[in-house]
Amino acid sequence: MTTFHKALTDVTFYPLWLDNTAAPDTCAHLVGRTETDLLIVGGGFTGLWAAIIAKQRDPARNVTLIEAGKVAHGASGRPGGIVSTSVIHGLGNAKRVFPADMDVLERLGIENLDGWRDTITQFGIDADLEWTGEMTVAVNRAHLDDLHREFALHQQHGHDAVLLDRAQTQAELASPLFEGAIWSRQRTGTVHPAKLAWGLKAIALTLGVRVHEHTPMLDVSDQGHQLRITTHDGRIDARRVLFATNAWGAGHRHIKRYVVAMRDRVLATEPLTAEQMDRIGWTNRQGVYDTRKQLNYMRLTRDNRIVYGGRIGYYFNDATDPAGDRQLQVYDRLAGYFHDTFPQLDDVKFSHAWSGPIDLTTRMAVHLQPYYGGKGVYAGGYSGFGVTASRFGARLALERLDDTGSPDLDLALASSLPGRIPPEPFRWMGAALTMRALDHVDTKGGWRKAWIRLVHRLGFPL
Ligand SMILES: Cc1cc2nc3c(=O)[nH]c(=O)nc-3n(C[C@H](O)[C@H](O)[C@H](O)COP(=O)(O)OP(=O)(O)OC[C@H]3O[C@@H](n4cnc5c(N)ncnc54)[C@H](O)[C@@H]3O)c2cc1C
């Protein structure tokens, strides 16, 4: 048995973030018939922000939110919790997808992040926020050119970022793999995502939003002037509906043409002792991404655990709760990456292992899909980068539902669709091949590089 396999033997298959006594009581499920001005389907960050913004704009508006399970039990209670300013998965992705809109998207990202932070501050949400910055570390000398190009983009757009050489990077976070880094220091850091979502739920309730948990939407029918949503024990007639259903793609059968439900796996360690912390440094506590093709991300929690994630997978038919992800062997390779990154922590055990849904699109950024003559809109597609961008997605969806005429709706990001993704069984076959290639492309190359290049040409920047 390898060291890292032993480190996994006692894990709990549950998100560390949700394994917390601060979890609030659930709201009663919906029983009976009701009407509402705005119905939000989905109690993750997108749905919660939409509920709050809608009420802040018009306190008299009747807003209802239904959630199939519990608030934050989708992606929002499961992420790494690294806070970024970008609403489009970073500068490199903005340049790839919407080069002409980069300046506007940068401005919108800053406005969004400031609004995100102000709400948290104004309502006093305790979400372990740490404004420690975000660091991208090169795990191979061959990745340094890309890192330098990324740094140049940061400079062009006036970011408070520094380029670190190998020694400087090691001084920030010691790993034999790290060859250099960019440390972006403004409007970035880490957050406890479940505590944030629970805080947002509390705000929504305070503002008068009706919240029903354990209330899955089963059917949508177009009644002409409104939509009728059927649930197990109730029915809601709504003038406008936001489908904030992430990788589930619930709301219309066409949503999944553009969104594929990936899984992303995460591990959390036991709290590190002071002596174990000394072995890695990390006194500035940045959120960290590495440059592997199957990228890994890592951050510290308030009690000095390391949350280490980033091995994606796909299950046939976009499964969003696969039993396969509750098996130890799924986390073996991720634990191996952890061990390669921090061999000096070979006495550290993992306490939690979990996975979560990623709403992957070819653009890797939020988009809108309007249905039912504009009475219903799906907002999603963050592709694993929505802790703060979800607030932007929520606002944009409200602009569209309310037909406000906001100039932001004219942006290609809001007014056009990402590339189509083939249906099953091609979806599964393509994903399986891609995952196999990604696992070894950094070390073995060969056919894997050619396949990844093809996937790039199809529009996926993996
Ligand atoms: C493992 C992992 C790591 C990540 N790390 C980061 C990170 O470090 N930084 C970052 O910025 N982003 C990260 N993300 C992405 C981020 O977590 C998501 O983009 C964000 O949480 C999406 O919020 P959401 O509200 O759109 O989706 P969700 O939180 O998934 O909410 C959707 C909700 O819809 C509900 N729903 C679905 N169908 C129905 C139905 N029929 N009826 C009623 N309700 C329904 C679901 O139960 C779910 O609660 C990560 C994601 C994962 C999975």
# chains A, B, ... in the order shown; residues from 1 in each chain; ligands from 1
call {"tool": "closest_atom_pairs", "arguments": {"of": "chain A", "to": "ligand 1", "cutoff": "6 Å", "atoms": "only C-alpha atoms and all ligand atoms", "output": "CSV"}}
result
residue,atom,partner,partner_atom_place_in_ligand_line,distance
A:Val41,CA,ligand 1,43 (C),5.0
A:Gly42,CA,ligand 1,34 (O),3.3
A:Gly43,CA,ligand 1,49 (O),4.8
A:Gly44,CA,ligand 1,25 (O),3.3
A:Phe45,CA,ligand 1,25 (O),3.9
A:Thr46,CA,ligand 1,25 (O),3.8
A:Gly47,CA,ligand 1,25 (O),5.5
A:Ile66,CA,ligand 1,43 (C),5.6
A:Glu67,CA,ligand 1,44 (N),3.9
A:Ala68,CA,ligand 1,43 (C),3.8
A:Gly69,CA,ligand 1,47 (O),5.2
A:Val71,CA,ligand 1,49 (O),5.7
A:Ala72,CA,ligand 1,49 (O),5.6
A:His73,CA,ligand 1,49 (O),5.3
A:Gly74,CA,ligand 1,30 (O),3.7
A:Ala75,CA,ligand 1,30 (O),3.8
A:Ser76,CA,ligand 1,21 (O),3.3
A:Arg78,CA,ligand 1,1 (C),5.4
A:Pro79,CA,ligand 1,3 (C),3.2
A:Gly80,CA,ligand 1,8 (O),3.6
A:Gly81,CA,ligand 1,8 (O),4.0
A:Ile82,CA,ligand 1,8 (O),3.9
A:Val83,CA,ligand 1,11 (O),5.7
A:Pro216,CA,ligand 1,42 (N),3.6
A:Met217,CA,ligand 1,42 (N),3.8
A:Leu218,CA,ligand 1,41 (N),5.9
A:Ala244,CA,ligand 1,26 (O),5.6
A:Thr245,CA,ligand 1,34 (O),3.8
A:Asn246,CA,ligand 1,27 (O),4.4
A:Trp248,CA,ligand 1,37 (C),5.1
A:Ala250,CA,ligand 1,41 (N),5.1
A:Asp264,CA,ligand 1,1 (C),4.5
A:Arg265,CA,ligand 1,1 (C),5.4
A:Val266,CA,ligand 1,1 (C),5.8
A:Ser355,CA,ligand 1,1 (C),5.4
A:Gly356,CA,ligand 1,53 (C),3.6
A:Pro357,CA,ligand 1,53 (C),4.5
A:Ile358,CA,ligand 1,53 (C),5.0
A:Gly380,CA,ligand 1,26 (O),5.5
A:Tyr382,CA,ligand 1,19 (O),4.9
A:Gly384,CA,ligand 1,15 (C),3.6
A:Phe385,CA,ligand 1,12 (N),3.4
A:Gly386,CA,ligand 1,19 (O),3.2
A:Val387,CA,ligand 1,11 (O),3.7
A:Thr388,CA,ligand 1,11 (O),5.8
A:Ser390,CA,ligand 1,23 (O),5.9
call {"tool": "select_by_dssp", "arguments": {"residues": "range 15-191 of chain A", "states": "alpha helix (DSSP H)", "output": "PDB file with N, CA and C atoms, in the first residue's frame"}}
result
ATOM      1  N   PHE A  45     -25.149  29.311  -5.400  1.00  0.00           N
ATOM      2  CA  PHE A  45     -24.791  30.740  -5.421  1.00  0.00           C
ATOM      3  C   PHE A  45     -25.623  31.522  -6.444  1.00  0.00           C
ATOM      4  N   THR A  46     -25.821  30.949  -7.650  1.00  0.00           N
ATOM      5  CA  THR A  46     -26.541  31.709  -8.684  1.00  0.00           C
ATOM      6  C   THR A  46     -27.955  32.025  -8.208  1.00  0.00           C
ATOM      7  N   GLY A  47     -28.653  30.994  -7.715  1.00  0.00           N
ATOM      8  CA  GLY A  47     -30.031  31.198  -7.281  1.00  0.00           C
ATOM      9  C   GLY A  47     -30.122  32.152  -6.101  1.00  0.00           C
ATOM     10  N   LEU A  48     -29.219  31.991  -5.144  1.00  0.00           N
ATOM     11  CA  LEU A  48     -29.274  32.828  -3.933  1.00  0.00           C
ATOM     12  C   LEU A  48     -28.978  34.291  -4.264  1.00  0.00           C
ATOM     13  N   TRP A  49     -27.945  34.507  -5.110  1.00  0.00           N
ATOM     14  CA  TRP A  49     -27.648  35.905  -5.496  1.00  0.00           C
ATOM     15  C   TRP A  49     -28.805  36.512  -6.277  1.00  0.00           C
ATOM     16  N   ALA A  50     -29.409  35.719  -7.151  1.00  0.00           N
ATOM     17  CA  ALA A  50     -30.532  36.262  -7.934  1.00  0.00           C
ATOM     18  C   ALA A  50     -31.671  36.668  -6.998  1.00  0.00           C
ATOM     19  N   ALA A  51     -31.940  35.832  -5.992  1.00  0.00           N
ATOM     20  CA  ALA A  51     -33.027  36.151  -5.048  1.00  0.00           C
ATOM     21  C   ALA A  51     -32.727  37.461  -4.317  1.00  0.00           C
ATOM     22  N   ILE A  52     -31.482  37.607  -3.877  1.00  0.00           N
ATOM     23  CA  ILE A  52     -31.107  38.808  -3.112  1.00  0.00           C
ATOM     24  C   ILE A  52     -31.176  40.058  -3.996  1.00  0.00           C
ATOM     25  N   ILE A  53     -30.567  39.963  -5.180  1.00  0.00           N
ATOM     26  CA  ILE A  53     -30.538  41.151  -6.057  1.00  0.00           C
ATOM     27  C   ILE A  53     -31.959  41.541  -6.470  1.00  0.00           C
ATOM     28  N   ALA A  54     -32.793  40.546  -6.763  1.00  0.00           N
ATOM     29  CA  ALA A  54     -34.179  40.855  -7.168  1.00  0.00           C
ATOM     30  C   ALA A  54     -34.904  41.608  -6.063  1.00  0.00           C
ATOM     31  N   LYS A  55     -34.704  41.165  -4.828  1.00  0.00           N
ATOM     32  CA  LYS A  55     -35.389  41.817  -3.702  1.00  0.00           C
ATOM     33  C   LYS A  55     -34.792  43.200  -3.414  1.00  0.00           C
ATOM     34  N   GLN A  56     -33.465  43.303  -3.589  1.00  0.00           N
ATOM     35  CA  GLN A  56     -32.854  44.620  -3.345  1.00  0.00           C
ATOM     36  C   GLN A  56     -33.350  45.635  -4.362  1.00  0.00           C
ATOM     37  N   ARG A  57     -33.565  45.163  -5.599  1.00  0.00           N
ATOM     38  CA  ARG A  57     -34.024  46.096  -6.639  1.00  0.00           C
ATOM     39  C   ARG A  57     -35.485  46.477  -6.441  1.00  0.00           C
ATOM     40  N   LEU A  91      -8.007  35.908 -17.325  1.00  0.00           N
ATOM     41  CA  LEU A  91      -7.618  36.750 -18.465  1.00  0.00           C
ATOM     42  C   LEU A  91      -7.317  35.923 -19.714  1.00  0.00           C
ATOM     43  N   GLY A  92      -6.630  34.808 -19.536  1.00  0.00           N
ATOM     44  CA  GLY A  92      -6.262  33.968 -20.685  1.00  0.00           C
ATOM     45  C   GLY A  92      -7.507  33.481 -21.412  1.00  0.00           C
ATOM     46  N   ASN A  93      -8.511  33.079 -20.634  1.00  0.00           N
ATOM     47  CA  ASN A  93      -9.748  32.593 -21.265  1.00  0.00           C
ATOM     48  C   ASN A  93     -10.510  33.742 -21.922  1.00  0.00           C
ATOM     49  N   ALA A  94     -10.505  34.911 -21.286  1.00  0.00           N
ATOM     50  CA  ALA A  94     -11.168  36.088 -21.882  1.00  0.00           C
ATOM     51  C   ALA A  94     -10.548  36.387 -23.243  1.00  0.00           C
ATOM     52  N   LYS A  95      -9.228  36.310 -23.302  1.00  0.00           N
ATOM     53  CA  LYS A  95      -8.529  36.615 -24.557  1.00  0.00           C
ATOM     54  C   LYS A  95      -8.873  35.559 -25.612  1.00  0.00           C
ATOM     55  N   ARG A  96      -8.998  34.318 -25.172  1.00  0.00           N
ATOM     56  CA  ARG A  96      -9.314  33.234 -26.106  1.00  0.00           C
ATOM     57  C   ARG A  96     -10.730  33.368 -26.667  1.00  0.00           C
ATOM     58  N   VAL A  97     -11.681  33.725 -25.803  1.00  0.00           N
ATOM     59  CA  VAL A  97     -13.089  33.651 -26.198  1.00  0.00           C
ATOM     60  C   VAL A  97     -13.641  34.989 -26.710  1.00  0.00           C
ATOM     61  N   MET A 102     -12.501  42.307 -23.803  1.00  0.00           N
ATOM     62  CA  MET A 102     -11.706  42.096 -22.581  1.00  0.00           C
ATOM     63  C   MET A 102     -11.805  43.244 -21.581  1.00  0.00           C
ATOM     64  N   ASP A 103     -11.746  44.476 -22.075  1.00  0.00           N
ATOM     65  CA  ASP A 103     -11.771  45.606 -21.140  1.00  0.00           C
ATOM     66  C   ASP A 103     -13.104  45.679 -20.402  1.00  0.00           C
ATOM     67  N   VAL A 104     -14.191  45.473 -21.150  1.00  0.00           N
ATOM     68  CA  VAL A 104     -15.518  45.526 -20.510  1.00  0.00           C
ATOM     69  C   VAL A 104     -15.640  44.395 -19.498  1.00  0.00           C
ATOM     70  N   LEU A 105     -15.183  43.204 -19.873  1.00  0.00           N
ATOM     71  CA  LEU A 105     -15.314  42.065 -18.964  1.00  0.00           C
ATOM     72  C   LEU A 105     -14.468  42.260 -17.708  1.00  0.00           C
ATOM     73  N   GLU A 106     -13.312  42.901 -17.881  1.00  0.00           N
ATOM     74  CA  GLU A 106     -12.480  43.221 -16.718  1.00  0.00           C
ATOM     75  C   GLU A 106     -13.238  44.169 -15.775  1.00  0.00           C
ATOM     76  N   ARG A 107     -13.829  45.211 -16.369  1.00  0.00           N
ATOM     77  CA  ARG A 107     -14.575  46.185 -15.538  1.00  0.00           C
ATOM     78  C   ARG A 107     -15.734  45.503 -14.824  1.00  0.00           C
ATOM     79  N   LEU A 108     -16.462  44.648 -15.563  1.00  0.00           N
ATOM     80  CA  LEU A 108     -17.607  43.962 -14.955  1.00  0.00           C
ATOM     81  C   LEU A 108     -17.146  43.032 -13.833  1.00  0.00           C
ATOM     82  N   GLY A 109     -15.967  42.414 -14.030  1.00  0.00           N
ATOM     83  CA  GLY A 109     -15.430  41.537 -12.992  1.00  0.00           C
ATOM     84  C   GLY A 109     -15.135  42.310 -11.712  1.00  0.00           C
ATOM     85  N   ILE A 110     -14.551  43.490 -11.874  1.00  0.00           N
ATOM     86  CA  ILE A 110     -14.219  44.305 -10.693  1.00  0.00           C
ATOM     87  C   ILE A 110     -15.502  44.766  -9.998  1.00  0.00           C
ATOM     88  N   GLU A 111     -16.456  45.262 -10.803  1.00  0.00           N
ATOM     89  CA  GLU A 111     -17.726  45.717 -10.205  1.00  0.00           C
ATOM     90  C   GLU A 111     -18.413  44.563  -9.477  1.00  0.00           C
ATOM     91  N   ASN A 112     -18.378  43.380 -10.107  1.00  0.00           N
ATOM     92  CA  ASN A 112     -19.042  42.227  -9.503  1.00  0.00           C
ATOM     93  C   ASN A 112     -18.388  41.841  -8.183  1.00  0.00           C
ATOM     94  N   LEU A 113     -17.053  41.796  -8.192  1.00  0.00           N
ATOM     95  CA  LEU A 113     -16.343  41.385  -6.983  1.00  0.00           C
ATOM     96  C   LEU A 113     -16.580  42.393  -5.864  1.00  0.00           C
ATOM     97  N   ASP A 114     -16.588  43.680  -6.217  1.00  0.00           N
ATOM     98  CA  ASP A 114     -16.811  44.687  -5.184  1.00  0.00           C
ATOM     99  C   ASP A 114     -18.228  44.553  -4.599  1.00  0.00           C
ATOM    100  N   GLY A 115     -19.215  44.287  -5.471  1.00  0.00           N
ATOM    101  CA  GLY A 115     -20.586  44.085  -4.986  1.00  0.00           C
ATOM    102  C   GLY A 115     -20.685  42.841  -4.105  1.00  0.00           C
ATOM    103  N   TRP A 116     -19.984  41.793  -4.511  1.00  0.00           N
ATOM    104  CA  TRP A 116     -19.946  40.527  -3.762  1.00  0.00           C
ATOM    105  C   TRP A 116     -19.415  40.782  -2.350  1.00  0.00           C
ATOM    106  N   ARG A 117     -18.272  41.483  -2.306  1.00  0.00           N
ATOM    107  CA  ARG A 117     -17.629  41.760  -1.016  1.00  0.00           C
ATOM    108  C   ARG A 117     -18.489  42.697  -0.159  1.00  0.00           C
ATOM    109  N   ASP A 118     -19.079  43.715  -0.811  1.00  0.00           N
ATOM    110  CA  ASP A 118     -19.857  44.692  -0.040  1.00  0.00           C
ATOM    111  C   ASP A 118     -21.064  44.038   0.617  1.00  0.00           C
ATOM    112  N   THR A 119     -21.722  43.115  -0.104  1.00  0.00           N
ATOM    113  CA  THR A 119     -22.900  42.456   0.480  1.00  0.00           C
ATOM    114  C   THR A 119     -22.478  41.613   1.690  1.00  0.00           C
ATOM    115  N   ILE A 120     -21.370  40.890   1.532  1.00  0.00           N
ATOM    116  CA  ILE A 120     -20.887  40.050   2.635  1.00  0.00           C
ATOM    117  C   ILE A 120     -20.578  40.918   3.856  1.00  0.00           C
ATOM    118  N   THR A 121     -19.964  42.069   3.589  1.00  0.00           N
ATOM    119  CA  THR A 121     -19.607  42.964   4.692  1.00  0.00           C
ATOM    120  C   THR A 121     -20.859  43.600   5.299  1.00  0.00           C
ATOM    121  N   GLN A 122     -21.727  44.107   4.413  1.00  0.00           N
ATOM    122  CA  GLN A 122     -22.924  44.820   4.890  1.00  0.00           C
ATOM    123  C   GLN A 122     -23.789  43.948   5.794  1.00  0.00           C
ATOM    124  N   LEU A 144       6.943  27.619 -18.072  1.00  0.00           N
ATOM    125  CA  LEU A 144       7.283  28.994 -17.672  1.00  0.00           C
ATOM    126  C   LEU A 144       6.945  30.022 -18.758  1.00  0.00           C
ATOM    127  N   ASP A 145       7.077  29.623 -20.035  1.00  0.00           N
ATOM    128  CA  ASP A 145       6.744  30.579 -21.101  1.00  0.00           C
ATOM    129  C   ASP A 145       5.278  30.990 -21.017  1.00  0.00           C
ATOM    130  N   ASP A 146       4.410  29.988 -20.808  1.00  0.00           N
ATOM    131  CA  ASP A 146       2.978  30.287 -20.665  1.00  0.00           C
ATOM    132  C   ASP A 146       2.740  31.204 -19.466  1.00  0.00           C
ATOM    133  N   LEU A 147       3.461  30.914 -18.407  1.00  0.00           N
ATOM    134  CA  LEU A 147       3.302  31.725 -17.191  1.00  0.00           C
ATOM    135  C   LEU A 147       3.695  33.183 -17.469  1.00  0.00           C
ATOM    136  N   HIS A 148       4.782  33.360 -18.222  1.00  0.00           N
ATOM    137  CA  HIS A 148       5.233  34.727 -18.525  1.00  0.00           C
ATOM    138  C   HIS A 148       4.217  35.452 -19.415  1.00  0.00           C
ATOM    139  N   ARG A 149       3.629  34.699 -20.352  1.00  0.00           N
ATOM    140  CA  ARG A 149       2.589  35.315 -21.212  1.00  0.00           C
ATOM    141  C   ARG A 149       1.389  35.744 -20.359  1.00  0.00           C
ATOM    142  N   GLU A 150       1.014  34.891 -19.433  1.00  0.00           N
ATOM    143  CA  GLU A 150      -0.108  35.202 -18.535  1.00  0.00           C
ATOM    144  C   GLU A 150       0.222  36.443 -17.691  1.00  0.00           C
ATOM    145  N   PHE A 151       1.469  36.528 -17.248  1.00  0.00           N
ATOM    146  CA  PHE A 151       1.887  37.680 -16.435  1.00  0.00           C
ATOM    147  C   PHE A 151       1.790  38.970 -17.259  1.00  0.00           C
ATOM    148  N   ALA A 152       2.210  38.878 -18.537  1.00  0.00           N
ATOM    149  CA  ALA A 152       2.145  40.062 -19.401  1.00  0.00           C
ATOM    150  C   ALA A 152       0.688  40.541 -19.512  1.00  0.00           C
ATOM    151  N   LEU A 153      -0.243  39.598 -19.600  1.00  0.00           N
ATOM    152  CA  LEU A 153      -1.663  39.973 -19.660  1.00  0.00           C
ATOM    153  C   LEU A 153      -2.085  40.693 -18.378  1.00  0.00           C
ATOM    154  N   HIS A 154      -1.620  40.167 -17.243  1.00  0.00           N
ATOM    155  CA  HIS A 154      -1.932  40.817 -15.959  1.00  0.00           C
ATOM    156  C   HIS A 154      -1.432  42.265 -15.971  1.00  0.00           C
ATOM    157  N   GLN A 155      -0.216  42.430 -16.493  1.00  0.00           N
ATOM    158  CA  GLN A 155       0.359  43.791 -16.516  1.00  0.00           C
ATOM    159  C   GLN A 155      -0.427  44.713 -17.432  1.00  0.00           C
ATOM    160  N   GLN A 156      -0.756  44.186 -18.635  1.00  0.00           N
ATOM    161  CA  GLN A 156      -1.515  45.008 -19.593  1.00  0.00           C
ATOM    162  C   GLN A 156      -2.818  45.513 -18.987  1.00  0.00           C
ATOM    163  N   ARG A 166      11.916  30.665  -9.107  1.00  0.00           N
ATOM    164  CA  ARG A 166      11.799  29.416  -8.347  1.00  0.00           C
ATOM    165  C   ARG A 166      12.015  29.641  -6.839  1.00  0.00           C
ATOM    166  N   ALA A 167      13.090  30.378  -6.509  1.00  0.00           N
ATOM    167  CA  ALA A 167      13.410  30.571  -5.086  1.00  0.00           C
ATOM    168  C   ALA A 167      12.300  31.364  -4.382  1.00  0.00           C
ATOM    169  N   GLN A 168      11.813  32.391  -5.076  1.00  0.00           N
ATOM    170  CA  GLN A 168      10.741  33.210  -4.458  1.00  0.00           C
ATOM    171  C   GLN A 168       9.455  32.391  -4.282  1.00  0.00           C
ATOM    172  N   THR A 169       9.195  31.535  -5.270  1.00  0.00           N
ATOM    173  CA  THR A 169       8.001  30.696  -5.162  1.00  0.00           C
ATOM    174  C   THR A 169       8.145  29.737  -3.985  1.00  0.00           C
ATOM    175  N   GLN A 170       9.327  29.115  -3.884  1.00  0.00           N
ATOM    176  CA  GLN A 170       9.560  28.175  -2.782  1.00  0.00           C
ATOM    177  C   GLN A 170       9.406  28.882  -1.432  1.00  0.00           C
ATOM    178  N   ALA A 171       9.786  30.158  -1.393  1.00  0.00           N
ATOM    179  CA  ALA A 171       9.665  30.892  -0.129  1.00  0.00           C
ATOM    180  C   ALA A 171       8.191  31.115   0.235  1.00  0.00           C
ATOM    181  N   GLU A 172       7.336  31.183  -0.794  1.00  0.00           N
ATOM    182  CA  GLU A 172       5.898  31.332  -0.520  1.00  0.00           C
ATOM    183  C   GLU A 172       5.273  29.991  -0.153  1.00  0.00           C
TER     184      GLU A 172
END
call {"tool": "closest_residue", "arguments": {"among": "A:Ile255, A:Arg391, A:Ser406, A:Gly419", "to": "Pro370 in chain A", "atoms": "only C-alpha atoms"}}
result
A:Ile255
call {"tool": "atom_distance", "arguments": {"atom1": "CA of Asp321 in chain A", "atom2": "CA of Phe350 in chain A"}}
result
21.9 Å
call {"tool": "atom_distance", "arguments": {"atom1": "CA of Gly373 in chain A", "atom2": "CA of Leu409 in chain A"}}
result
16.4 Å
call {"tool": "select_by_dssp", "arguments": {"residues": "range 72-258 of chain A", "states": "strand (DSSP E)", "output": "PyMOL selection string"}}
result
chain A and resi 82-83+134-138+161-164+180-184+189-190+210-212+219-222+227-230+234-243
call {"tool": "residues_around", "arguments": {"residues": "range 58-62 of chain A", "least_positions_apart": "3", "cutoff": "12 Å", "atoms": "only C-alpha atoms", "output": "PyMOL selection string"}}
result
chain A and resi 34-40+51-55+65+204+206-211+237-240+398+402
call {"tool": "closest_residue", "arguments": {"among": "A:Gly90, A:Gly77, A:Gly445, A:Pro422", "to": "Tyr289 in chain A", "atoms": "only C-alpha atoms"}}
result
A:Gly90
call {"tool": "residues_around", "arguments": {"residues": "Ala335 in chain A", "least_positions_apart": "5", "cutoff": "9 Å", "atoms": "only C-alpha atoms", "output": "PyMOL selection string"}}
result
chain A and resi 4-5+7-8+267+308+340+350
call {"tool": "closest_residue", "arguments": {"among": "A:Trp131, A:Tyr14, A:Phe392, A:Phe426", "to": "Ala414 in chain A", "atoms": "only C-alpha atoms"}}
result
A:Phe392
call {"tool": "atom_distance", "arguments": {"atom1": "CA of Thr9 in chain A", "atom2": "CA of Tyr337 in chain A"}}
result
16.6 Å
call {"tool": "closest_residue", "arguments": {"among": "A:Ala138, A:Trp183, A:His214, A:Asp233", "to": "Val31 in chain A", "atoms": "only C-alpha atoms"}}
result
A:Asp233
call {"tool": "closest_residue", "arguments": {"among": "A:Ala23, A:Ile280, A:Val288, A:Val307", "to": "Pro343 in chain A", "atoms": "only C-alpha atoms"}}
result
A:Ile280
call {"tool": "closest_residue", "arguments": {"among": "A:Pro15, A:Gly313, A:Pro271, A:Gly281", "to": "Ala437 in chain A", "atoms": "only C-alpha atoms"}}
result
A:Gly313
call {"tool": "residues_around", "arguments": {"residues": "Ile306 in chain A", "least_positions_apart": "3", "cutoff": "7 Å", "atoms": "only C-alpha atoms", "output": "list in words"}}
result
Ala268, Thr269, Met298, Arg299, Leu300 and Thr301 of chain A
